[in-house]
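**Q** For reference, the structure I am asking about is given below.
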Amino acid sequence: MKEKVMSAMQAFSKAMFMPVLILPIAGLLIAVGNVLTNARLMEILPFLDNPVTKGFGTILSGALIFCTGIAIGLAKKKKAEAGFTALLAFLVFINAMNKFMGLRGMLVDADALRGSGQAVVLGIQILDMGVFLGIILGCVSAYVHNRFIDTEFNNAFQIYGGARFVFIVLIPVIIILAVVLTYAWPPVQMVIDSLGYFI
């Protein structure tokens, strides 16, 4: 049991290596993106108020980097497919959470985001989970990938084998995870905040 736990921890730490190395570069790009989408700066430099610079500022996400990086690191085979599937899972998750929160009337106004526990990720308003979202989705995506990547079908369903079947299985898992985390994450966030205040 101890060896299995140690092996899993080593695999996870190796998987974290790639996103951690990429994050400083991504951090610089995110900072540039934040500057380019700053409303006050756009008033001073009106040429920044265009779809190209605004798009650059909104497409960068640290959570997305962790999601794809961890999925690639934990995948035992076909790592490129694992990364692409994790990217798609991330997009499905943020859209599913946004739609569910909208249906439940849980979304706050865009002007009141600060301190609300919500944030805009890739232009979509969801709970502010930071890089934890990427870590959770990366691990889930890698687990499903490793479990189902070798699944093959015969005859007409042959096209749905392999990486495509992984994504088919992953969609309902991600949607259920989005619903569960909508309720489960706020208490977790309170614990994290309390720990931060304590430290």
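Chain labels follow the order of the structure tokens: the first chain is A, the next B, and so on; residue numbering restarts at 1 in every chain, and ligands are counted from 1 in their shown order.
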Running DSSP on the backbone, which parts of segment 47-186 of chain A land in helix (DSSP H, G or I), as an MDAnalysis selection string?
**A** chainID A and resid 47:48 51:58 62:74 79:103 110:112 131:148 155:160 163:186
**Q** Within 9 Å of Val140 of chain A, counting only C-alpha atoms, which residues qualify if same-chain residues fewer than 5 places away don't, as a list in words?
**A**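 The neighbour list is Ala71, Ala86, Ile135, His145, Leu170, Val173 and Ile174 of chain A.
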**Q** Emit the selected residues as a PDB file, in the first residue's frame, including all heavy atoms.
**A**
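Done, and the output landed in part.pdb:
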ATOM      1  N   ALA A  71      -2.636  16.459 -17.173  1.00  0.00           N
ATOM      2  CA  ALA A  71      -3.189  15.351 -17.961  1.00  0.00           C
ATOM      3  C   ALA A  71      -2.102  14.714 -18.828  1.00  0.00           C
ATOM      4  O   ALA A  71      -2.001  13.488 -18.913  1.00  0.00           O
ATOM      5  CB  ALA A  71      -4.346  15.835 -18.821  1.00  0.00           C
ATOM      6  N   ALA A  86      -8.082  16.897 -22.239  1.00  0.00           N
ATOM      7  CA  ALA A  86      -8.146  17.727 -21.033  1.00  0.00           C
ATOM      8  C   ALA A  86      -8.553  19.155 -21.376  1.00  0.00           C
ATOM      9  O   ALA A  86      -9.332  19.780 -20.643  1.00  0.00           O
ATOM     10  CB  ALA A  86      -6.803  17.712 -20.310  1.00  0.00           C
ATOM     11  N   ILE A 135      -5.853  21.552 -11.597  1.00  0.00           N
ATOM     12  CA  ILE A 135      -5.310  20.338 -10.990  1.00  0.00           C
ATOM     13  C   ILE A 135      -6.379  19.249 -10.928  1.00  0.00           C
ATOM     14  O   ILE A 135      -6.142  18.095 -11.299  1.00  0.00           O
ATOM     15  CB  ILE A 135      -4.739  20.641  -9.585  1.00  0.00           C
ATOM     16  CG1 ILE A 135      -3.512  21.555  -9.705  1.00  0.00           C
ATOM     17  CG2 ILE A 135      -4.397  19.364  -8.841  1.00  0.00           C
ATOM     18  CD1 ILE A 135      -3.009  22.117  -8.390  1.00  0.00           C
ATOM     19  N   HIS A 145      -8.654   8.984 -19.160  1.00  0.00           N
ATOM     20  CA  HIS A 145      -7.838   8.674 -20.340  1.00  0.00           C
ATOM     21  C   HIS A 145      -7.129   7.322 -20.172  1.00  0.00           C
ATOM     22  O   HIS A 145      -7.194   6.470 -21.060  1.00  0.00           O
ATOM     23  CB  HIS A 145      -6.820   9.789 -20.569  1.00  0.00           C
ATOM     24  CG  HIS A 145      -5.853   9.507 -21.664  1.00  0.00           C
ATOM     25  ND1 HIS A 145      -6.127   9.754 -22.987  1.00  0.00           N
ATOM     26  CD2 HIS A 145      -4.602   8.969 -21.636  1.00  0.00           C
ATOM     27  CE1 HIS A 145      -5.097   9.384 -23.724  1.00  0.00           C
ATOM     28  NE2 HIS A 145      -4.151   8.919 -22.932  1.00  0.00           N
ATOM     29  N   LEU A 170     -15.869  11.116 -20.658  1.00  0.00           N
ATOM     30  CA  LEU A 170     -15.478  12.268 -19.848  1.00  0.00           C
ATOM     31  C   LEU A 170     -16.577  13.332 -19.768  1.00  0.00           C
ATOM     32  O   LEU A 170     -16.710  13.997 -18.737  1.00  0.00           O
ATOM     33  CB  LEU A 170     -14.191  12.877 -20.420  1.00  0.00           C
ATOM     34  CG  LEU A 170     -13.373  13.797 -19.534  1.00  0.00           C
ATOM     35  CD1 LEU A 170     -13.002  13.118 -18.223  1.00  0.00           C
ATOM     36  CD2 LEU A 170     -12.115  14.249 -20.258  1.00  0.00           C
ATOM     37  N   VAL A 173     -18.981  12.839 -16.847  1.00  0.00           N
ATOM     38  CA  VAL A 173     -18.192  12.945 -15.616  1.00  0.00           C
ATOM     39  C   VAL A 173     -17.908  14.415 -15.299  1.00  0.00           C
ATOM     40  O   VAL A 173     -18.066  14.862 -14.150  1.00  0.00           O
ATOM     41  CB  VAL A 173     -16.867  12.149 -15.744  1.00  0.00           C
ATOM     42  CG1 VAL A 173     -15.940  12.425 -14.569  1.00  0.00           C
ATOM     43  CG2 VAL A 173     -17.152  10.662 -15.866  1.00  0.00           C
ATOM     44  N   ILE A 174     -17.520  15.170 -16.303  1.00  0.00           N
ATOM     45  CA  ILE A 174     -17.185  16.582 -16.121  1.00  0.00           C
ATOM     46  C   ILE A 174     -18.431  17.399 -15.758  1.00  0.00           C
ATOM     47  O   ILE A 174     -18.376  18.292 -14.901  1.00  0.00           O
ATOM     48  CB  ILE A 174     -16.504  17.141 -17.392  1.00  0.00           C
ATOM     49  CG1 ILE A 174     -15.128  16.507 -17.581  1.00  0.00           C
ATOM     50  CG2 ILE A 174     -16.401  18.653 -17.358  1.00  0.00           C
ATOM     51  CD1 ILE A 174     -14.145  16.786 -16.470  1.00  0.00           C
TER      52      ILE A 174
END
**Q** Just the residues within 10 Å of Lys99 of chain A, please, counting only C-alpha atoms, with nothing from its chain fewer than 3 positions along; format it as JSON, numbers by chain.
**A** {"A": [93, 94, 95, 96, 102, 103, 104, 105, 107, 124, 125, 126, 178, 179]}
**Q** Would you mind reading off the distance between atom CA of Lys77 of chain A and atom CA of Ile65 of chain A, one decimal, in Å?
**A**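 Calculated distance between atom CA of Lys77 of chain A and atom CA of Ile65 of chain A is 19.6 Å.
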**Q** When you count only C-alpha atoms, which of these residues is closest to Ala184 of chain A: A:Met129, A:Ala89, A:Ala80, A:Arg147?
**A** A:Met129
**Q** Work out how far atom CA of Phe66 of chain A is from atom CA of Val131 of chain A, in Å to one decimal.
**A**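 Value for the atom CA of Val131 of chain A-atom CA of Phe66 of chain A distance: 6.7 Å.
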**Q** Skipping near chain neighbours, those fewer than 4 positions away, what residues fall within 8 Å of Ala11 of chain A using only C-alpha atoms, listed as an MDAnalysis selection string?
**A** chainID A and resid 7 15 73:74
**Q** Could you check which of A:Glu3, A:Asp128, A:Val169, A:Leu113 is closest to Asn146 of chain A, using only C-alpha atoms?
**A**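 Checking each candidate against Asn146 of chain A, we get A:Val169 as the closest.
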**Q** One number please: atom CA of Ile70 of chain A to atom CA of Gly138 of chain A, in Å, one decimal.
**A** 5.1 Å
**Q** Of the candidates A:Val5, A:Cys67, A:Ala82, A:Leu87, which one gets nearest to Leu133 of chain A if we count only C-alpha atoms?
**A** A:Cys67
**Q** Name the residues in contact with segment 158-165 of chain A at a cut-off of 12 Å, using only C-alpha atoms, excluding same-chain residues fewer than 3 positions from it; report them as a PyMOL selection string.
**A** chain A and resi 75+77-86+88+141-142+144-155+168-171
**Q** Skipping near chain neighbours, those fewer than 5 positions away, what residues fall within 12 Å of Val108 of chain A using only C-alpha atoms, listed as a list in words?
**A**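 Listed by chain and then number, they are Asn98, Met101, Gly102, Leu113, Arg114, Gly115, Ser116, Gly117, Gln118, Ala119, Val120, Gln125, Ile126 and Leu127 of chain A.
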